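Visitor: Following this line is structure_8.txt, made up of compact mmCIF, C-alpha atoms and all ligand atoms:
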```txt
# COMPACT_ATOMS: atom_id res chain seq x y z
CA MET A 78 1.61 -21.10 -0.74
CA ARG A 79 3.55 -17.94 -0.35
CA ALA A 80 6.90 -19.63 -0.36
CA SER A 81 6.12 -21.75 -3.38
CA LEU A 82 5.34 -18.78 -5.57
CA GLY A 83 8.66 -17.07 -5.32
CA PHE A 84 7.27 -13.56 -5.46
CA LYS A 85 5.74 -13.22 -2.09
CA THR A 86 6.86 -9.69 -1.45
CA ILE A 87 3.82 -8.35 -3.12
CA LEU A 88 3.33 -4.64 -2.59
CA ILE A 89 6.45 -4.70 -0.55
CA CYS A 90 7.22 -1.26 -1.56
CA VAL A 91 10.44 -0.34 -0.01
CA THR A 92 12.77 -1.95 2.37
CA PHE A 93 15.36 -3.28 0.04
CA PHE A 94 15.97 -0.45 -2.33
CA SER A 95 17.27 2.07 -1.33
CA SER A 96 -8.65 11.88 -17.82
CA LEU A 97 -8.56 13.62 -15.12
CA PHE A 98 -8.66 17.32 -15.30
CA SER A 99 -10.16 18.18 -12.01
CA LEU A 100 -12.73 20.84 -11.53
CA SER A 101 -11.41 21.59 -8.09
CA ALA A 102 -9.38 24.67 -7.43
CA PHE A 103 -6.25 23.43 -5.75
CA ALA A 104 -2.98 23.13 -7.61
CA ARG A 105 -1.85 19.58 -7.88
CA PRO A 106 1.73 18.50 -7.68
CA GLN A 107 3.37 17.89 -11.02
CA ILE A 108 3.31 14.25 -12.02
CA GLU A 109 6.03 12.82 -14.21
CA ILE A 110 5.77 9.32 -15.52
CA SER A 111 8.50 7.52 -17.39
CA TYR A 112 8.83 4.19 -19.07
CA ALA A 113 11.46 1.70 -17.98
CA ARG A 114 14.09 0.52 -20.39
CA PRO A 115 13.79 -3.13 -21.28
CA LEU A 116 17.45 -3.62 -20.49
CA SER A 117 19.91 -1.25 -19.02
CA SER A 118 23.64 -1.17 -19.49
CA HIS A 119 23.75 -0.33 -15.83
CA GLY A 120 22.24 -3.64 -14.96
CA PRO A 121 19.56 -3.67 -12.33
CA VAL A 122 20.07 -0.04 -11.40
CA VAL A 123 17.33 0.73 -13.83
CA LEU A 124 15.36 2.56 -11.20
CA ARG A 125 17.81 5.39 -11.07
CA ASP A 126 19.38 5.50 -14.47
CA GLY A 127 17.25 3.62 -16.89
CA HIS A 128 14.03 5.55 -17.02
CA GLU A 129 15.02 8.15 -19.57
CA LEU A 130 13.92 6.18 -22.59
CA ALA A 131 10.61 7.94 -22.86
CA ILE A 132 9.99 10.63 -20.31
CA ILE A 133 6.88 12.69 -20.49
CA LYS A 134 5.93 15.44 -18.16
CA LEU A 135 2.36 15.70 -17.12
CA VAL A 136 1.33 19.05 -15.84
CA LEU A 137 -2.09 19.85 -14.54
CA GLY A 138 -4.21 21.86 -16.93
CA LYS A 139 -2.36 20.93 -20.08
CA PRO A 140 -3.20 18.01 -22.31
CA TYR A 141 -0.74 15.24 -21.81
CA LEU A 142 0.90 13.11 -24.39
CA LYS A 143 -0.71 9.72 -24.58
CA ARG A 144 2.19 7.32 -24.62
CA SER A 145 0.68 4.06 -23.51
CA SER A 146 -2.23 2.86 -21.55
CA ALA A 147 0.10 2.21 -18.58
CA HIS A 148 1.17 5.88 -18.61
CA LYS A 149 -2.39 7.07 -18.65
CA LYS A 150 -3.54 4.68 -15.95
CA ALA A 151 -0.62 5.45 -13.67
CA TYR A 152 -1.27 9.16 -14.11
CA GLU A 153 -4.95 8.85 -13.32
CA ALA A 154 -4.42 6.71 -10.24
CA LEU A 155 -1.66 8.99 -8.91
CA VAL A 156 -3.91 12.02 -9.41
CA LEU A 157 -6.64 10.33 -7.38
CA SER A 158 -4.15 9.28 -4.69
CA ALA A 159 -2.86 12.84 -4.36
CA ASP A 160 -6.41 14.21 -4.41
CA PHE A 161 -7.41 11.80 -1.67
CA PHE A 162 -4.75 13.00 0.75
CA GLU A 163 -5.25 16.67 -0.14
CA GLN A 164 -9.03 16.64 0.01
CA GLN A 165 -9.26 14.46 3.11
CA PHE A 166 -6.33 15.81 5.10
CA GLY A 167 -5.08 18.94 3.36
CA LEU A 168 -1.80 17.22 2.54
CA LYS A 169 -0.16 18.72 -0.53
CA SER A 170 1.60 15.90 -2.32
CA PHE A 171 3.03 13.06 -0.25
CA ASP A 172 5.34 15.33 1.73
CA GLY A 173 3.04 18.24 2.47
CA LYS A 174 5.29 20.49 0.34
CA ASN A 175 3.59 19.87 -2.99
CA SER A 176 6.68 18.10 -4.31
CA GLY A 177 6.52 16.57 -7.77
CA ILE A 178 5.46 12.96 -8.08
CA LYS A 179 7.60 10.58 -10.13
CA ALA A 180 6.71 7.15 -11.36
CA THR A 181 8.08 4.55 -13.73
CA VAL A 182 5.81 2.07 -15.49
CA GLY A 183 6.59 -1.08 -17.44
CA VAL A 184 9.44 -2.16 -15.17
CA GLY A 185 10.90 -5.59 -15.75
CA ARG A 186 9.48 -6.35 -19.20
CA ILE A 187 12.65 -8.13 -20.25
CA ALA A 188 14.36 -8.83 -17.02
CA LEU A 189 15.20 -12.47 -16.92
CA MET A 190 18.85 -11.94 -16.17
CA PHE A 191 18.27 -9.44 -13.38
CA PRO A 192 16.70 -10.98 -10.28
CA THR A 193 15.88 -7.57 -8.84
CA LEU A 194 13.93 -6.59 -11.92
CA LYS A 195 12.31 -9.96 -12.18
CA LYS A 196 10.86 -9.43 -8.74
CA LEU A 197 9.70 -5.96 -9.63
CA LYS A 198 7.95 -7.18 -12.75
CA GLN A 199 5.01 -8.38 -10.68
CA ASN A 200 5.05 -5.80 -7.98
CA ALA A 201 4.32 -2.21 -7.11
CA VAL A 202 6.86 -0.33 -5.07
CA TRP A 203 7.62 3.00 -3.48
CA ALA A 204 11.39 3.21 -3.87
CA THR A 205 12.50 5.14 -0.80
CA GLN A 206 15.86 6.32 -2.02
CA GLU A 207 14.74 7.23 -5.51
CA GLU A 208 11.47 8.70 -4.17
CA ARG A 209 9.75 7.16 -7.15
CA PHE A 210 6.77 4.91 -7.66
CA ILE A 211 7.61 1.75 -9.57
CA PHE A 212 4.95 -0.24 -11.34
CA GLY A 213 5.92 -3.62 -12.75
CA ALA A 214 5.08 -4.58 -16.28
CA GLY A 215 3.00 -7.51 -15.01
CA GLY A 216 3.36 -11.19 -15.71
CA GLU A 217 1.90 -14.60 -15.35
CA PHE A 218 0.25 -14.06 -11.96
CA MET A 219 -0.39 -10.36 -11.70
CA ALA A 220 -0.73 -7.33 -13.95
CA GLY A 221 -2.14 -3.85 -14.11
CA PHE A 222 -0.69 -2.46 -10.89
CA GLU A 223 -0.93 1.12 -12.13
CA ASP A 224 -4.63 0.74 -12.84
CA GLU A 225 -5.80 -0.38 -9.43
CA LEU A 226 -6.39 2.54 -7.12
CA ASP A 227 -6.03 0.69 -3.83
CA VAL A 228 -2.60 -0.53 -4.95
CA VAL A 229 -1.40 2.87 -6.17
CA ALA A 230 -2.76 4.69 -3.11
CA HIS A 231 -1.15 1.98 -0.94
CA GLU A 232 2.24 2.94 -2.40
CA TYR A 233 1.42 6.63 -2.06
CA THR A 234 0.72 6.06 1.65
CA HIS A 235 4.23 4.63 2.02
CA ALA A 236 5.55 7.93 0.71
CA VAL A 237 3.38 9.84 3.20
CA ILE A 238 4.74 7.74 6.07
CA GLN A 239 8.33 8.23 4.91
CA HIS A 240 7.80 11.99 5.10
CA SER A 241 5.97 11.99 8.43
CA SER A 242 6.32 9.33 11.12
CA GLN A 243 9.01 7.24 9.40
CA ILE A 244 7.73 4.09 11.05
CA PRO A 245 10.29 1.31 10.44
CA LEU A 246 9.49 -1.27 7.80
CA TRP A 247 10.14 -4.49 9.66
CA GLY A 248 8.38 -6.63 12.24
CA GLU A 249 5.25 -5.33 13.95
CA SER A 250 6.22 -1.75 13.01
CA GLY A 251 6.38 -2.75 9.37
CA ALA A 252 3.10 -4.62 9.65
CA LEU A 253 1.54 -1.39 10.93
CA VAL A 254 3.00 0.46 7.94
CA GLU A 255 1.51 -2.13 5.59
CA HIS A 256 -1.78 -1.88 7.47
CA PHE A 257 -1.95 1.90 7.05
CA ALA A 258 -1.00 1.56 3.38
CA ASP A 259 -3.80 -0.95 2.82
CA LEU A 260 -6.28 1.12 4.81
CA PHE A 261 -5.68 4.48 3.14
CA GLY A 262 -5.37 2.76 -0.24
CA GLU A 263 -8.70 1.05 0.26
CA MET A 264 -10.40 4.22 1.48
CA ALA A 265 -9.15 6.12 -1.59
CA GLU A 266 -10.71 3.40 -3.71
CA GLN A 267 -13.97 3.35 -1.78
CA LEU A 268 -14.28 7.12 -2.21
CA TYR A 269 -13.09 7.58 -5.78
CA ARG A 270 -13.63 4.25 -7.48
CA PRO A 271 -16.24 2.46 -5.41
CA THR A 272 -16.74 -1.17 -6.26
CA GLN A 273 -19.32 -3.69 -5.16
CA LYS A 274 -16.99 -5.44 -2.77
CA LYS A 275 -15.34 -3.37 -0.10
CA TRP A 276 -12.19 -4.22 1.81
CA LEU A 277 -10.51 -6.19 -0.97
CA ILE A 278 -6.95 -5.16 -1.81
CA GLY A 279 -5.72 -5.82 -5.31
CA GLU A 280 -8.90 -7.45 -6.57
CA ASP A 281 -8.09 -6.51 -10.15
CA ILE A 282 -4.38 -7.21 -10.34
CA LEU A 283 -4.66 -10.97 -10.00
CA THR A 284 -5.10 -12.25 -13.53
CA PRO A 285 -8.28 -14.28 -14.21
CA ALA A 286 -6.09 -17.35 -14.71
CA THR A 287 -4.47 -16.83 -11.31
CA LYS A 288 -7.84 -16.51 -9.60
CA LYS A 289 -9.14 -19.61 -11.35
CA ASN A 290 -6.09 -21.79 -10.86
CA TYR A 291 -5.51 -20.94 -7.23
CA SER A 292 -9.19 -21.14 -6.35
CA GLU A 293 -9.22 -24.67 -7.73
CA MET A 294 -5.94 -25.59 -6.10
CA GLU A 295 -7.02 -24.39 -2.67
CA SER A 296 -10.72 -25.28 -2.98
CA ARG A 297 -11.84 -21.80 -1.96
CA PRO A 298 -12.75 -18.71 -3.94
CA ILE A 299 -9.86 -16.27 -4.28
CA HIS A 300 -10.96 -12.77 -5.25
CA ALA A 301 -8.10 -10.52 -4.24
CA LEU A 302 -4.56 -10.27 -3.00
CA ARG A 303 -5.73 -9.42 0.50
CA ASP A 304 -9.08 -9.23 2.22
CA MET A 305 -9.09 -6.69 5.03
CA LEU A 306 -12.31 -7.83 6.66
CA ASN A 307 -11.56 -11.54 6.31
CA PRO A 308 -7.77 -11.80 6.22
CA GLY A 309 -7.87 -15.57 5.84
CA ASP A 310 -9.65 -15.29 2.51
CA GLY A 311 -6.99 -13.46 0.50
CA PHE A 312 -4.56 -14.85 -2.05
CA ASP A 313 -2.01 -14.80 0.74
CA ARG A 314 -3.93 -16.17 3.70
CA GLN A 315 -3.30 -13.95 6.70
CA PRO A 316 -4.01 -14.45 10.39
CA SER A 317 -6.99 -12.47 11.66
CA HIS A 318 -6.11 -12.77 15.34
CA TYR A 319 -2.89 -11.91 17.13
CA SER A 320 -2.70 -15.38 18.65
CA GLN A 321 -2.33 -16.82 15.13
CA VAL A 322 0.85 -14.94 14.26
CA PRO A 323 3.53 -17.50 13.39
CA PHE A 324 6.14 -17.70 16.11
CA GLU A 325 8.93 -17.11 13.57
CA PHE A 326 7.78 -13.50 13.08
CA LEU A 327 7.80 -12.56 16.75
CA ASP A 328 10.48 -11.22 19.04
CA ASP A 329 13.61 -13.03 17.91
CA CYS A 330 12.93 -12.57 14.21
CA VAL A 331 15.70 -11.01 12.12
CA PRO A 332 14.25 -9.06 9.17
CA ALA A 333 15.33 -10.36 5.77
CA ILE A 334 14.09 -10.44 2.22
CA ASP A 335 13.09 -14.07 2.43
CA ASN A 336 11.01 -13.69 5.59
CA ASP A 337 9.09 -10.64 4.36
CA ALA A 338 10.95 -8.42 6.84
CA CYS A 339 9.46 -10.59 9.62
CA GLY A 340 6.03 -11.02 8.15
CA VAL A 341 4.99 -7.44 7.47
CA HIS A 342 2.55 -8.58 4.77
CA VAL A 343 1.31 -11.37 7.00
CA MET A 344 0.65 -9.57 10.28
CA ASN A 345 -0.96 -6.50 8.72
CA GLY A 346 -4.14 -8.54 8.31
CA ILE A 347 -4.77 -8.20 12.06
CA PRO A 348 -5.11 -4.39 12.30
CA ASN A 349 -6.67 -4.45 8.82
CA ARG A 350 -9.58 -6.47 10.12
CA ALA A 351 -10.01 -4.25 13.18
CA ALA A 352 -10.13 -1.13 10.95
CA ALA A 353 -12.60 -2.73 8.55
CA LEU A 354 -14.88 -3.61 11.49
CA ILE A 355 -14.61 -0.13 12.98
CA ILE A 356 -15.17 1.80 9.75
CA SER A 357 -18.04 -0.48 8.71
CA GLN A 358 -19.83 0.57 11.89
CA LEU A 359 -18.73 4.15 12.50
CA GLY A 360 -18.06 5.36 8.96
CA TRP A 361 -14.88 6.86 7.54
CA GLU A 362 -15.69 10.51 8.22
CA LYS A 363 -15.91 9.95 11.93
CA VAL A 364 -12.60 8.15 12.29
CA LYS A 365 -10.42 9.37 9.43
CA TRP A 366 -8.48 11.95 11.42
CA ILE A 367 -7.85 9.44 14.17
CA TYR A 368 -6.20 7.07 11.71
CA PHE A 369 -4.29 9.87 10.00
CA ASN A 370 -3.02 11.17 13.33
CA LEU A 371 -2.11 7.67 14.44
CA MET A 372 -0.16 7.06 11.23
CA THR A 373 1.64 10.37 10.94
CA GLU A 374 2.16 11.39 14.58
CA ARG A 375 1.25 9.10 17.44
CA LEU A 376 3.25 6.09 16.35
CA LYS A 377 6.50 7.94 15.74
CA SER A 378 9.38 6.20 17.46
CA SER A 379 10.44 9.61 18.78
CA TYR A 380 7.02 10.07 20.40
CA LEU A 381 6.86 6.58 21.89
CA GLY A 382 10.51 6.18 22.77
CA HIS A 383 10.65 2.90 20.86
CA GLU A 384 9.57 1.38 17.55
CA PRO A 385 5.80 1.01 17.48
CA LYS A 386 4.28 -2.38 18.21
CA PHE A 387 0.70 -3.57 17.98
CA ALA A 388 0.24 -2.80 21.69
CA ASP A 389 1.15 0.84 21.03
CA TYR A 390 -1.24 0.91 18.09
CA SER A 391 -4.22 -0.31 20.10
CA ARG A 392 -3.46 1.91 23.08
CA GLU A 393 -3.01 5.07 21.00
CA LEU A 394 -6.06 4.26 18.88
CA LEU A 395 -8.20 4.04 22.00
CA GLN A 396 -6.59 7.15 23.44
CA LEU A 397 -7.29 9.16 20.28
CA CYS A 398 -10.82 7.79 20.28
CA SER A 399 -11.45 8.93 23.85
CA GLU A 400 -10.04 12.38 22.99
CA ASN A 401 -12.21 12.84 19.91
CA LEU A 402 -15.30 10.61 19.91
CA GLU A 403 -18.16 9.55 22.12
CA ALA A 404 -17.86 6.71 24.62
CA GLN A 405 -20.19 4.48 22.60
CA ASP A 406 -17.97 4.92 19.53
CA CYS A 407 -14.95 3.89 21.55
CA ASP A 408 -16.84 0.79 22.64
CA VAL A 409 -16.99 -0.15 18.95
CA VAL A 410 -13.24 0.44 18.63
CA LEU A 411 -12.53 -1.62 21.73
CA ALA A 412 -14.72 -4.49 20.52
CA ALA A 413 -12.90 -4.55 17.16
CA LEU A 414 -9.51 -4.60 18.86
CA LYS A 415 -10.70 -7.45 21.09
CA ASP A 416 -11.95 -9.33 18.02
CA VAL A 417 -8.42 -9.46 16.62
CA GLY A 418 -6.66 -10.05 19.93
CA LEU A 419 -5.13 -6.60 20.28
CA ARG A 420 -6.97 -5.93 23.53
ZN ZN A 501 3.29 -1.79 1.16
```
As structure tokens - that is how I would like this structure written.
Guide:
Amino acid sequence: MRASLGFKTILICVTFFSSLFSLSAFARPQIEISYARPLSSHGPVVLRDGHELAIIKLVLGKPYLKRSSAHKKAYEALVLSADFFEQQFGLKSFDGKNSGIKATVGVGRIALMFPTLKKLKQNAVWATQEERFIFGAGGEFMAGFEDELDVVAHEYTHAVIQHSSQIPLWGESGALVEHFADLFGEMAEQLYRPTQKKWLIGEDILTPATKKNYSEMESRPIHALRDMLNPGDGFDRQPSHYSQVPFEFLDDCVPAIDNDACGVHVMNGIPNRAAALIISQLGWEKVKWIYFNLMTERLKSSYLGHEPKFADYSRELLQLCSENLEAQDCDVVLAALKDVGLR
């Protein structure tokens, strides 16, 4: 199904490019949100040069100009994403230096002649070179990226990783990046915008027509882009056990656009499920620093001596558990890793 859609790099974020007035006391990073030009004389380089059409600066404590609902929603979700990392981990902005946050909304509204933009139209991206969040204008299958907190916080987590561990974005390493982005994105949503159903990623960005049509086509209910607890139930069906990873994504795989950088949005379902099992039983408070440490420190290539693989992830997770939690808690962690074939 993924291949037939032609936009499978959902939430891909990076690789190929280069309301809320809080009562809390900390100073937030400045957030600047701009609106993409419909067409740019620079062609697809709209990310860098085409966002000056309507730039507004949003500074904490001052009323902001209401430009469009996309502006407002992007602002609110970025505020919550930044608050999540500051309140949970003391991280000031995505880089720990309270740097300003930049985003562009409405990308790809009229983009038929630019394949790059056409792809971005139904996507959300952290553009690594531009250091800017990109939210597509939405289309036939998906819309409202800037409104869904787990999606926005997913992208924000990419920025955190870029400024900490710099885990590579391909193969098993990239699947771990996508796993962390889903996990921290979902936890931001569970804390700040709790919904009835936990562990669903992008439950609101699939249009009602997409949910209906694809549910009928596949004879199963489709509620979200990804389902962390039941990876096989998402819009893109993912393996939930390491033994189910398609052979094409393993050792000899060469990362490319058309193979999702060796299945990074396929394989992330495996650690996603393990984390959902663990947190469902132990609670977020108990394990949050373990996951943060794992993401920002323990899986650095410079720490390991090689790019992180799933085996490194499971070993370091258990090691951090034994350093910080009780033996019975680590039994829960071990059981979850066994459930998904990572132990
Ligand atoms: Zn991502």
Visitor: Neighbours of region 158-164 of chain A within 9 Å (all atoms listed in the file; same-chain residues fewer than 5 positions away dropped), as a list in words?
Guide: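 Here the qualifying residues turn out to be Phe103, Arg105, Pro106, Glu153, Lys169, Ser170, Phe171, Gly173, Leu226, Asp227, Val229, Ala230, His231, Tyr233, Thr234, Phe261, Gly262, Met264, Ala265, Glu266, Leu268 and Tyr269 of chain A.
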Visitor: Give me, as a ChimeraX atom specification, the set of residues whose atoms come within 12 Å of any atom of ligand ZN 501 (chain A), counting only C-alpha atoms and all ligand atoms.
Guide: /A:86-92,200-205,210,227-239,246-247,251-262,278-279,303,337-338,340-343,345
Visitor: Could you tell me which of A:Ala113, A:Ala333, A:Ile108, A:Cys339 comes closest to Leu157 (chain A) if we count all atoms listed in the file?
Guide: A:Ile108
Visitor: Point out the residue among A:Gly248, A:Pro285, A:Pro348, A:Gly311 with the least atom-to-atom distance to Pro323 (chain A), counting all atoms listed in the file.
Guide: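 Looking at the shortest contact to Pro323 (chain A), the residue is A:Gly248.
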Visitor: Just to confirm, what's the straight-line distance from CA of Asn175 (chain A) to CA of Ala104 (chain A) in Å (one decimal)?
Guide: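 About the pair CA of Asn175 (chain A) and CA of Ala104 (chain A): they are 8.7 Å apart.
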Visitor: Separation of CA of Tyr390 (chain A) and CA of Met372 (chain A), in Å?
Guide: 9.3 Å
Visitor: For CA of Asp172 (chain A) and CA of Glu207 (chain A), quote the distance in Å rounded to one decimal.
Guide: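 Rounded to one decimal, the two atoms are 14.4 Å apart.
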Visitor: Please list as number ranges by chain every residue within 7 Å of region 378-388 of chain A, counting all atoms listed in the file and excluding residues in the same chain fewer than 4 positions away.
Guide: A: 244, 249-250, 392, 419
